[in-house]
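Coordinates as given in entry.csv (CSV, C-alpha atoms and all ligand atoms):
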chain,number,residue,atom,x,y,z
A,994,MET,CA,15.3,106.7,-26.1
A,995,THR,CA,16.7,103.7,-24.2
A,996,LEU,CA,20.4,103.2,-24.9
A,997,PRO,CA,21.5,99.5,-25.3
A,998,GLY,CA,23.7,98.2,-22.6
A,999,ALA,CA,26.6,95.8,-23.0
A,1000,VAL,CA,27.9,92.7,-21.2
A,1001,ILE,CA,31.1,90.7,-21.3
A,1002,THR,CA,30.5,87.4,-23.1
A,1003,GLY,CA,34.0,86.1,-23.7
A,1004,TRP,CA,37.6,86.4,-22.5
A,1005,GLY,CA,41.1,85.1,-23.4
A,1006,THR,CA,44.7,85.6,-22.5
A,1007,ALA,CA,48.2,85.2,-24.0
A,1008,LEU,CA,51.5,85.0,-22.3
A,1009,PRO,CA,54.9,84.5,-24.0
A,1010,ASP,CA,56.4,81.0,-23.5
A,1011,THR,CA,59.6,82.3,-22.0
A,1012,VAL,CA,59.4,82.5,-18.2
A,1013,VAL,CA,62.0,84.5,-16.3
A,1014,THR,CA,62.3,83.4,-12.7
A,1015,ASN,CA,63.7,85.4,-9.8
A,1016,ALA,CA,66.5,82.9,-9.6
A,1017,GLN,CA,67.5,83.8,-13.2
A,1018,LEU,CA,67.5,87.5,-12.3
A,1019,GLU,CA,69.5,86.8,-9.2
A,1020,ALA,CA,72.2,85.2,-11.5
A,1021,ARG,CA,72.7,88.4,-13.5
A,1022,LEU,CA,71.6,91.3,-11.4
A,1023,ASP,CA,72.5,92.6,-7.9
A,1024,THR,CA,69.2,91.3,-6.4
A,1025,THR,CA,67.8,88.4,-4.5
A,1026,ASP,CA,64.6,86.3,-4.7
A,1027,GLU,CA,63.9,87.4,-1.1
A,1028,TRP,CA,64.1,91.1,-2.1
A,1029,ILE,CA,61.9,90.8,-5.1
A,1030,VAL,CA,59.2,88.7,-3.4
A,1031,SER,CA,59.1,90.7,-0.2
A,1032,ARG,CA,59.0,94.1,-2.0
A,1033,SER,CA,56.7,93.1,-5.0
A,1034,GLY,CA,55.3,89.6,-4.5
A,1035,ILE,CA,56.6,88.7,-8.0
A,1036,ARG,CA,58.1,85.2,-8.4
A,1037,GLU,CA,58.3,84.9,-12.2
A,1038,ARG,CA,57.2,86.8,-15.3
A,1039,HIS,CA,56.8,86.0,-19.0
A,1040,VAL,CA,58.9,87.8,-21.6
A,1041,GLY,CA,58.7,87.8,-25.4
A,1042,GLY,CA,56.5,88.2,-28.4
A,1043,THR,CA,55.2,91.5,-29.7
A,1044,VAL,CA,52.0,93.4,-28.7
A,1045,SER,CA,50.3,92.3,-31.9
A,1046,THR,CA,51.2,88.6,-31.7
A,1047,LEU,CA,50.1,88.5,-28.0
A,1048,ALA,CA,46.9,90.6,-28.7
A,1049,ILE,CA,46.0,88.3,-31.7
A,1050,ASP,CA,46.3,85.2,-29.5
A,1051,ALA,CA,44.3,86.6,-26.6
A,1052,GLY,CA,41.7,88.1,-29.0
A,1053,ARG,CA,41.2,84.8,-30.9
A,1054,ARG,CA,40.7,83.0,-27.6
A,1055,ALA,CA,38.1,85.6,-26.4
A,1056,LEU,CA,36.2,85.3,-29.7
A,1057,GLU,CA,36.2,81.5,-29.3
A,1058,ARG,CA,34.9,81.7,-25.7
A,1059,ALA,CA,32.1,84.1,-26.8
A,1060,GLY,CA,31.3,81.8,-29.7
A,1061,LEU,CA,31.6,84.6,-32.3
A,1062,ALA,CA,33.0,84.5,-35.8
A,1063,PRO,CA,35.6,87.4,-36.3
A,1064,GLU,CA,33.4,89.2,-38.8
A,1065,GLN,CA,30.6,89.5,-36.2
A,1066,VAL,CA,32.9,91.9,-34.3
A,1067,ASP,CA,32.7,95.5,-35.6
A,1068,LEU,CA,35.1,97.3,-33.4
A,1069,LEU,CA,38.5,96.6,-31.8
A,1070,VAL,CA,39.8,98.7,-29.0
A,1071,LEU,CA,43.4,97.9,-28.1
A,1072,ALA,CA,44.9,99.3,-24.9
A,1073,THR,CA,48.7,99.4,-25.1
A,1074,CYS,CA,51.5,101.8,-24.2
A,1075,THR,CA,54.1,99.7,-26.0
A,1076,PRO,CA,52.8,99.7,-29.6
A,1077,ASP,CA,54.7,97.7,-32.2
A,1078,LEU,CA,55.2,100.8,-34.3
A,1079,ALA,CA,54.7,104.6,-33.7
A,1080,VAL,CA,52.4,104.6,-36.8
A,1081,PRO,CA,50.1,102.9,-37.6
A,1082,ALA,CA,48.2,101.9,-34.5
A,1083,THR,CA,48.8,98.3,-33.5
A,1084,SER,CA,45.1,97.6,-33.5
A,1085,ALA,CA,45.1,97.9,-37.4
A,1086,ALA,CA,47.4,94.8,-37.7
A,1087,VAL,CA,45.5,92.9,-35.1
A,1088,HIS,CA,42.1,93.8,-36.7
A,1089,PHE,CA,43.4,92.5,-40.0
A,1090,ALA,CA,45.0,89.3,-38.6
A,1091,LEU,CA,41.8,88.4,-36.8
A,1092,GLY,CA,39.6,89.2,-39.7
A,1093,LEU,CA,37.3,91.6,-37.8
A,1094,SER,CA,34.8,94.0,-39.3
A,1095,GLY,CA,34.3,97.7,-38.7
A,1096,GLY,CA,36.9,99.9,-37.0
A,1097,ALA,CA,39.9,99.8,-34.7
A,1098,PHE,CA,41.9,102.1,-32.5
A,1099,ASP,CA,44.5,102.1,-29.8
A,1100,VAL,CA,44.2,103.6,-26.3
A,1101,ASN,CA,47.2,104.6,-24.3
A,1102,ALA,CA,46.3,105.2,-20.6
A,1103,ALA,CA,49.3,103.1,-19.4
A,1104,CYS,CA,48.3,100.6,-16.7
A,1105,ALA,CA,44.7,102.1,-16.5
A,1106,GLY,CA,44.4,101.5,-20.3
A,1107,PHE,CA,42.2,98.4,-20.3
A,1108,VAL,CA,39.5,99.9,-18.1
A,1109,TYR,CA,39.6,103.1,-20.3
A,1110,ALA,CA,39.2,100.8,-23.3
A,1111,LEU,CA,36.3,99.0,-21.8
A,1112,VAL,CA,34.5,102.3,-21.1
A,1113,ALA,CA,35.2,103.4,-24.7
A,1114,ALA,CA,33.9,100.1,-26.1
A,1115,HIS,CA,30.8,100.3,-23.9
A,1116,GLY,CA,30.1,103.8,-25.2
A,1117,ALA,CA,30.4,102.6,-28.8
A,1118,VAL,CA,27.8,99.9,-28.2
A,1119,SER,CA,25.5,102.3,-26.2
A,1120,CYS,CA,25.4,104.9,-28.9
A,1121,GLY,CA,24.9,102.3,-31.7
A,1122,ALA,CA,28.3,102.8,-33.3
A,1123,ALA,CA,29.2,99.2,-32.9
A,1124,GLN,CA,27.4,95.9,-32.1
A,1125,ARG,CA,30.1,93.7,-30.8
A,1126,VAL,CA,33.5,94.9,-29.6
A,1127,LEU,CA,36.7,93.1,-28.9
A,1128,VAL,CA,38.6,94.9,-26.1
A,1129,ILE,CA,42.3,93.9,-25.7
A,1130,GLY,CA,44.9,95.0,-23.2
A,1131,ALA,CA,48.4,94.1,-24.4
A,1132,ASP,CA,51.9,95.3,-23.5
A,1133,CYS,CA,55.5,94.2,-23.9
A,1134,VAL,CA,56.9,96.4,-21.1
A,1135,SER,CA,60.1,94.4,-21.1
A,1136,LEU,CA,61.0,96.2,-24.3
A,1137,LEU,CA,61.0,99.5,-22.4
A,1138,THR,CA,62.9,98.1,-19.4
A,1139,ASP,CA,66.7,98.4,-19.0
A,1140,PRO,CA,67.7,94.7,-18.5
A,1141,ASP,CA,70.6,96.0,-16.3
A,1142,ASP,CA,68.4,98.2,-14.0
A,1143,ARG,CA,67.5,96.1,-11.0
A,1144,ALA,CA,64.9,98.6,-9.9
A,1145,THR,CA,62.7,98.1,-12.9
A,1146,ALA,CA,63.9,94.8,-14.6
A,1147,VAL,CA,62.4,92.7,-11.8
A,1148,LEU,CA,59.0,94.3,-12.1
A,1149,PHE,CA,57.9,94.6,-15.7
A,1150,ALA,CA,56.9,91.9,-18.2
A,1151,ASP,CA,54.7,91.0,-21.2
A,1152,GLY,CA,51.3,89.7,-21.9
A,1153,ALA,CA,47.8,90.2,-23.3
A,1154,GLY,CA,44.2,89.8,-22.1
A,1155,ALA,CA,41.0,90.3,-24.0
A,1156,VAL,CA,37.2,90.5,-23.5
A,1157,VAL,CA,34.2,90.6,-25.9
A,1158,LEU,CA,31.4,93.0,-25.2
A,1159,GLU,CA,28.0,92.4,-26.7
A,1160,PRO,CA,24.7,94.4,-26.5
A,1161,SER,CA,22.3,93.5,-23.8
A,1162,ASP,CA,19.0,94.9,-22.4
A,1163,ASP,CA,20.4,94.2,-18.9
A,1164,ASP,CA,23.4,96.5,-18.9
A,1165,GLY,CA,26.5,94.9,-17.4
A,1166,LEU,CA,28.6,98.1,-16.8
A,1167,LEU,CA,27.1,99.7,-13.7
A,1168,ALA,CA,29.5,102.5,-12.9
A,1169,VAL,CA,32.8,104.1,-14.0
A,1170,ASP,CA,35.3,106.5,-12.4
A,1171,PHE,CA,38.4,107.7,-14.3
A,1172,GLY,CA,40.8,110.5,-14.2
A,1173,VAL,CA,44.4,111.7,-14.6
A,1174,ASP,CA,46.8,113.8,-12.6
A,1175,GLY,CA,49.1,115.2,-15.3
A,1176,SER,CA,51.0,117.2,-12.7
A,1177,ALA,CA,52.6,113.8,-11.8
A,1178,HIS,CA,53.4,112.8,-15.4
A,1179,ASP,CA,57.1,112.8,-14.7
A,1180,LEU,CA,57.0,110.1,-11.9
A,1181,LEU,CA,57.0,107.3,-14.4
A,1182,THR,CA,58.3,107.9,-17.9
A,1183,CYS,CA,60.0,106.4,-20.9
A,1184,ALA,CA,61.5,108.7,-23.6
A,1185,HIS,CA,61.5,107.7,-27.2
A,1186,GLY,CA,64.3,105.1,-27.6
A,1187,GLY,CA,65.0,105.1,-23.9
A,1188,TYR,CA,64.1,103.0,-20.9
A,1189,MET,CA,61.5,103.3,-18.1
A,1190,GLU,CA,62.4,105.6,-15.3
A,1191,MET,CA,60.3,105.6,-12.1
A,1192,GLU,CA,60.2,107.2,-8.7
A,1193,GLY,CA,59.1,103.9,-7.1
A,1194,LYS,CA,58.3,105.0,-3.6
A,1195,GLU,CA,56.1,108.0,-4.7
A,1196,VAL,CA,54.4,105.8,-7.4
A,1197,PHE,CA,53.7,103.2,-4.7
A,1198,ARG,CA,52.1,105.8,-2.4
A,1199,ARG,CA,50.0,107.3,-5.1
A,1200,ALA,CA,48.9,103.9,-6.5
A,1201,VAL,CA,47.4,102.9,-3.1
A,1202,ARG,CA,45.7,106.2,-2.4
A,1203,THR,CA,44.4,106.8,-5.9
A,1204,THR,CA,43.1,103.3,-6.4
A,1205,VAL,CA,41.3,103.3,-3.1
A,1206,ASP,CA,39.6,106.6,-3.9
A,1207,SER,CA,38.7,105.7,-7.5
A,1208,ALA,CA,37.4,102.2,-6.6
A,1209,SER,CA,35.3,103.8,-3.8
A,1210,ARG,CA,33.8,106.4,-6.1
A,1211,ALA,CA,32.9,103.6,-8.6
A,1212,LEU,CA,31.2,101.6,-5.9
A,1213,GLN,CA,29.3,104.6,-4.7
A,1214,ARG,CA,28.1,105.4,-8.2
A,1215,ALA,CA,26.9,101.8,-8.5
A,1216,ASN,CA,25.1,102.0,-5.1
A,1217,LEU,CA,27.2,99.1,-3.8
A,1218,THR,CA,29.5,98.5,-0.9
A,1219,PRO,CA,32.7,96.5,-0.8
A,1220,ASP,CA,30.6,93.6,0.7
A,1221,ASP,CA,28.6,93.4,-2.5
A,1222,ILE,CA,31.8,92.8,-4.6
A,1223,ALA,CA,32.4,89.1,-5.5
A,1224,LEU,CA,35.7,89.8,-7.1
A,1225,PHE,CA,38.1,92.8,-7.0
A,1226,VAL,CA,40.4,93.0,-10.0
A,1227,PRO,CA,43.1,95.6,-9.3
A,1228,HIS,CA,46.1,96.5,-11.5
A,1229,GLN,CA,48.8,93.9,-11.0
A,1230,ALA,CA,51.9,96.0,-10.3
A,1231,ASN,CA,52.9,94.8,-6.9
A,1232,LEU,CA,51.3,92.5,-4.3
A,1233,ARG,CA,52.0,95.0,-1.5
A,1234,ILE,CA,50.0,97.7,-3.3
A,1235,ILE,CA,47.2,95.2,-4.0
A,1236,GLU,CA,47.1,94.1,-0.3
A,1237,ALA,CA,47.1,97.7,1.0
A,1238,VAL,CA,44.3,98.7,-1.4
A,1239,ALA,CA,42.2,95.7,-0.6
A,1240,SER,CA,42.6,96.2,3.2
A,1241,ARG,CA,41.7,99.9,3.0
A,1242,LEU,CA,38.7,99.2,0.8
A,1243,GLY,CA,37.6,96.4,3.1
A,1244,VAL,CA,37.7,93.6,0.5
A,1245,PRO,CA,39.3,90.4,1.9
A,1246,MET,CA,42.1,88.9,-0.2
A,1247,GLN,CA,40.0,85.8,-0.9
A,1248,ARG,CA,37.9,88.0,-3.1
A,1249,VAL,CA,40.8,89.7,-4.9
A,1250,ALA,CA,42.2,88.5,-8.2
A,1251,VAL,CA,46.0,88.1,-8.1
A,1252,VAL,CA,48.3,87.0,-11.0
A,1253,VAL,CA,51.2,89.4,-10.4
A,1254,ASP,CA,53.2,86.6,-8.7
A,1255,ARG,CA,53.2,84.8,-12.1
A,1256,THR,CA,53.1,87.6,-14.6
A,1257,GLY,CA,54.9,90.7,-13.1
A,1258,ASN,CA,53.5,94.1,-14.2
A,1259,THR,CA,52.1,93.7,-17.7
A,1260,SER,CA,50.6,97.2,-17.7
A,1261,SER,CA,47.5,97.3,-20.0
A,1262,ALA,CA,47.3,93.5,-19.9
A,1263,SER,CA,47.2,93.1,-16.1
A,1264,VAL,CA,43.5,93.7,-15.4
A,1265,PRO,CA,42.2,91.4,-18.1
A,1266,LEU,CA,44.8,88.7,-17.3
A,1267,ALA,CA,43.7,88.7,-13.7
A,1268,LEU,CA,40.0,88.8,-14.6
A,1269,ALA,CA,40.4,85.9,-17.0
A,1270,ASP,CA,42.4,83.9,-14.5
A,1271,ALA,CA,39.6,84.3,-11.9
A,1272,SER,CA,36.8,83.4,-14.3
A,1273,ASP,CA,38.7,80.4,-15.7
A,1274,ALA,CA,39.2,79.2,-12.1
A,1275,GLY,CA,35.4,79.3,-11.7
A,1276,ARG,CA,35.4,82.1,-9.2
A,1277,LEU,CA,32.6,84.0,-10.9
A,1278,ARG,CA,28.8,83.3,-11.1
A,1279,PRO,CA,26.1,85.1,-13.1
A,1280,GLY,CA,24.9,88.2,-11.2
A,1281,ASP,CA,28.3,88.6,-9.4
A,1282,HIS,CA,29.6,92.2,-9.1
A,1283,VAL,CA,33.2,92.7,-10.3
A,1284,LEU,CA,35.2,95.8,-9.4
A,1285,MET,CA,38.1,96.5,-11.7
A,1286,SER,CA,40.7,99.2,-11.1
A,1287,GLY,CA,43.7,100.4,-13.1
A,1288,PHE,CA,46.4,102.9,-12.1
A,1289,GLY,CA,49.5,103.9,-14.1
A,1290,ALA,CA,51.8,106.4,-15.7
A,1291,GLY,CA,50.3,109.8,-16.4
A,1292,MET,CA,49.3,109.3,-13.6
A,1293,THR,CA,46.0,107.8,-14.8
A,1294,TRP,CA,43.4,105.8,-13.0
A,1295,ALA,CA,40.1,104.1,-14.0
A,1296,SER,CA,37.7,101.9,-12.1
A,1297,THR,CA,34.5,100.2,-13.2
A,1298,VAL,CA,31.9,97.9,-11.7
A,1299,VAL,CA,30.4,95.2,-14.0
A,1300,ARG,CA,27.8,92.6,-13.4
A,1301,TRP,CA,29.0,89.2,-14.6
A,1302,ASN,CA,26.6,87.2,-16.6
A,1303,VAL,CA,28.5,84.1,-17.8
A,1304,ASP,CA,28.9,80.7,-16.1
A,1305,THR,CA,32.6,80.0,-16.0
A,1306,ALA,CA,34.6,76.7,-16.1
A,1307,GLY,CA,38.2,75.9,-15.1
A,1308,SER,CA,41.4,76.3,-17.3
A,1309,ALA,CA,44.7,78.1,-16.7
A,1310,LEU,CA,46.3,81.3,-18.1
A,1311,ALA,CA,47.2,80.5,-21.7
A,1312,SER,CA,50.7,80.6,-22.9
A,1313,SER,CA,51.5,81.6,-26.4
A,1314,PRO,CA,54.6,81.1,-28.5
A,1315,GLY,CA,55.2,84.5,-30.1
A,1316,THR,CA,58.5,85.5,-31.6
A,1317,ARG,CA,60.0,88.9,-30.9
A,1318,GLY,CA,61.0,91.2,-33.7
A,1319,GLU,CA,63.6,93.9,-33.7
A,1320,LYS,CA,63.7,96.3,-30.8
A,1321,ARG,CA,61.9,99.5,-31.6
A,1401,LIG,N1,67.1,94.2,-5.6
A,1401,LIG,C1,67.7,94.6,-4.5
A,1401,LIG,N2,67.7,95.9,-4.1
A,1401,LIG,C2,67.1,96.7,-4.9
A,1401,LIG,C3,66.4,96.4,-6.0
A,1401,LIG,C4,66.4,95.0,-6.4
A,1401,LIG,N3,65.8,94.5,-7.5
A,1401,LIG,N4,65.8,97.4,-6.6
A,1401,LIG,C5,66.1,98.5,-5.8
A,1401,LIG,N5,66.8,98.0,-4.8
A,1401,LIG,C6,67.4,98.8,-3.7
A,1401,LIG,C7,67.4,100.3,-3.9
A,1401,LIG,O1,68.5,100.7,-4.6
A,1401,LIG,C8,67.4,100.8,-2.5
A,1401,LIG,O2,68.7,100.8,-2.0
A,1401,LIG,P1,69.3,102.0,-1.2
A,1401,LIG,O3,68.5,102.0,0.1
A,1401,LIG,O4,70.7,101.6,-0.9
A,1401,LIG,O5,69.2,103.2,-2.0
A,1401,LIG,C9,66.7,99.7,-1.7
A,1401,LIG,O6,66.6,98.6,-2.5
A,1401,LIG,C10,65.3,100.1,-1.2
A,1401,LIG,O7,64.6,100.6,-2.3
A,1401,LIG,P2,63.2,101.2,-2.0
A,1401,LIG,O8,62.9,102.1,-3.2
A,1401,LIG,O9,63.2,101.8,-0.6
A,1401,LIG,O10,62.3,99.9,-1.9
A,1401,LIG,P3,60.7,99.9,-1.8
A,1401,LIG,O11,60.3,99.2,-0.6
A,1401,LIG,O12,60.1,101.2,-2.1
A,1401,LIG,O13,60.3,99.0,-3.1
A,1401,LIG,C11,59.6,99.1,-5.3
A,1401,LIG,C12,60.7,99.4,-4.4
A,1401,LIG,C13,59.9,99.7,-6.7
A,1401,LIG,C14,59.3,97.6,-5.4
A,1401,LIG,C15,58.3,99.9,-4.8
A,1401,LIG,O14,58.6,101.2,-4.5
A,1401,LIG,C16,57.2,99.8,-5.8
A,1401,LIG,O15,56.6,98.8,-6.1
A,1401,LIG,N6,56.8,101.0,-6.3
A,1401,LIG,C17,55.7,101.1,-7.2
A,1401,LIG,C18,56.2,100.6,-8.6
A,1401,LIG,C19,55.0,100.4,-9.5
A,1401,LIG,O16,54.1,99.8,-9.2
A,1401,LIG,N7,55.1,100.9,-10.7
A,1401,LIG,C20,54.2,100.8,-11.7
A,1401,LIG,C21,53.0,101.5,-11.5
A,1401,LIG,S1,51.8,101.2,-12.7
Represent the supplied structure as structure tokens.
Ligand code: COA
Amino acid sequence: MTLPGAVITGWGTALPDTVVTNAQLEARLDTTDEWIVSRSGIRERHVGGTVSTLAIDAGRRALERAGLAPEQVDLLVLATCTPDLAVPATSAAVHFALGLSGGAFDVNAACAGFVYALVAAHGAVSCGAAQRVLVIGADCVSLLTDPDDRATAVLFADGAGAVVLEPSDDDGLLAVDFGVDGSAHDLLTCAHGGYMEMEGKEVFRRAVRTTVDSASRALQRANLTPDDIALFVPHQANLRIIEAVASRLGVPMQRVAVVVDRTGNTSSASVPLALADASDAGRLRPGDHVLMSGFGAGMTWASTVVRWNVDTAGSALASSPGTRGEKR
């Protein structure tokens, strides 16, 4: 039996309208634009909305780009570690608002969540459980961030990115590597009702080492080398991590997708935001190999190599109004 493959046919993004610049943070925290830019590469970030409002906007745009009616989609996989509610899964509300068919579930693998969700979606298409899948990464990490903690408040923010997967004889997902090192689960945590706490230096070291190893394994499994990669889409946590990973992998920065300077760390949303930004900028051609890598709390990681098969045309990261409800 030949299992059907799946390819990405649409993508979309949503960022809250409210932009917080480093100058605004300078005004209320003991920090400077120079510190934030030199340590993280972040210049501004978007804050606001809820995971469901952002996911709905990004999902709708991805469906439009794919030319699909909502009812043609029979599975929603939503990666988030900041769900609107503890129960039910946020994907239920998003599924209803978009008017999708079939099932829906959430995935929490922190900043590696989108790649995990993509793998789950691909598996659902391959085994015939679903025909067309909407995969969304959406997080409002600002809700879990102590606004007075300069160590985290400058880094984390909100957003959503989505892709549509459709069946194809020519499979677009060439290789996967994922894993978790639960022995390090206490390096980056947020207790119920609390705020994010992080051992920044150790997380930095692990992010570089683990992303390089995982991306290398995915490349090896796809029988590709870094030279074969048209676009590397790493998790957007910190420009210094991205540069260190790219340099160790041997992928020049001209072939790396970067939005962290404009978005901050949006966790599950970061990889699809960067992927959509690059494709909207016309940086991808049919046949191009795209390497995506996520890394996050857990500590989780996930990398995949996909073959791009859509011609892209220019537009910018989409902003979305979005009103924020009560803090959880
Ligand atoms: N402004 C000014 N100073 C700050 C600051 C801020 N916003 N945040 C922290 N500092 C201070 C620290 O208190 C420390 O002061 P001290 O030396 O008096 O104790 C000093 O700056 C140096 O901090 P340090 O931790 O050595 O800086 P760093 O070079 O490691 O950069 C991070 C800090 C958090 C930017 C970096 O470690 C990092 O990016 N880690 C990974 C975080 C991440 O990606 N998390 C998500 C993974 S999914």
Pick out the residues sitting within 9 Å of Ala1215 (chain A), and hand them over as a PyMOL selection string; count all atoms listed in the file, and ignore anything fewer than 5 positions along from it in its own chain. chain A and resi 1167-1169+1210+1298
Any idea what's packed within 7 Å of Asn1231 (chain A), counting all atoms listed in the file, ignoring anything in its chain fewer than 3 positions away? Could you give it as a PyMOL selection string? chain A and resi 1033-1034+1234-1235+1253
With distances taken over all atoms listed in the file, the candidate from A:Leu1071, A:Val1044, A:Ala1113, A:Val1196 nearest ligand LIG 1401 (chain A) is A:Val1196
- [ ] Excluding region 1009-1019 of chain A and any residue of its chain fewer than 6 positions from it, enumerate the residues within 10 Å of it, using all atoms listed in the file, and give them as number ranges by chain.
- [x] A: 1025-1030, 1035-1043, 1046-1047, 1133, 1140-1141, 1143, 1146-1147, 1150-1153, 1255-1257, 1311-1317
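Note that CA of Phe1107 (chain A) and CA of Ile1129 (chain A) are 7.0 Å apart.
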For ligand LIG 1401 (chain A), which residue out of A:Thr1024, A:Ser1045, A:Thr1006, A:Ser1135 is the nearest one, using all atoms listed in the file?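 Residue with the minimum atom-to-atom distance to ligand LIG 1401 (chain A): A:Thr1024.
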Closest of A:Trp1294, A:Phe1149, A:Phe1197, A:Tyr1109 to ligand LIG 1401 (chain A) - atom-to-atom distances counting all atoms listed in the file:
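For ligand LIG 1401 (chain A), the nearest of the given residues is A:Phe1197.
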* Can you tell me how far CA of Thr1073 (chain A) sits from CA of Gly1289 (chain A), in Å to one decimal? ->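 If I compute the distance from CA of Thr1073 (chain A) to CA of Gly1289 (chain A), I get 11.9 Å.
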Non-local contacts of Ala1105 (chain A) (10 Å; all atoms listed in the file; under 5 positions in same chain excluded) as a list of chain:residue names:
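Counting all atoms listed in the file, the residues come to A:Ala1072, A:Thr1073, A:Val1100, A:Ala1110, A:Gly1130, A:Phe1171, A:Gly1172, A:Val1173, A:Pro1227, A:His1228, A:Ser1260, A:Ser1261, A:Ala1262, A:Ser1263, A:Val1264, A:Met1285, A:Ser1286, A:Gly1287, A:Phe1288, A:Gly1289, A:Ala1290, A:Gly1291, A:Met1292, A:Thr1293, A:Trp1294, A:Ala1295, A:Ser1296.
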State, in Å with one decimal place, the distance from atom C13 of ligand LIG 1401 (chain A) to CA of Val1252 (chain A).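 Distance reported for this atom pair: 17.7 Å.
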| request: Name all residues at most 9 Å from Asp1163 (chain A) (count only C-alpha atoms; drop same-chain ones fewer than 5 positions away) and give them as a list in words. | output: Pro997, Gly998, Ala999 and Val1000 of chain A
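Among the candidates A:Pro1081, A:Gly1193, A:Gly1060, A:Pro1160, the one nearest to ligand LIG 1401 (chain A) when counting only C-alpha atoms and all ligand atoms is A:Gly1193.
Taking only C-alpha atoms into account, Ala1007 (chain A) lies nearest to A:Thr1259 out of the set A:Leu1180, A:Asn1302, A:Thr1259, A:Ala1208.
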If you count only C-alpha atoms and all ligand atoms, the residue of A:Gly1106, A:Pro1076, A:Gly1175, A:Gly1243 closest to ligand LIG 1401 (chain A) turns out to be A:Gly1106
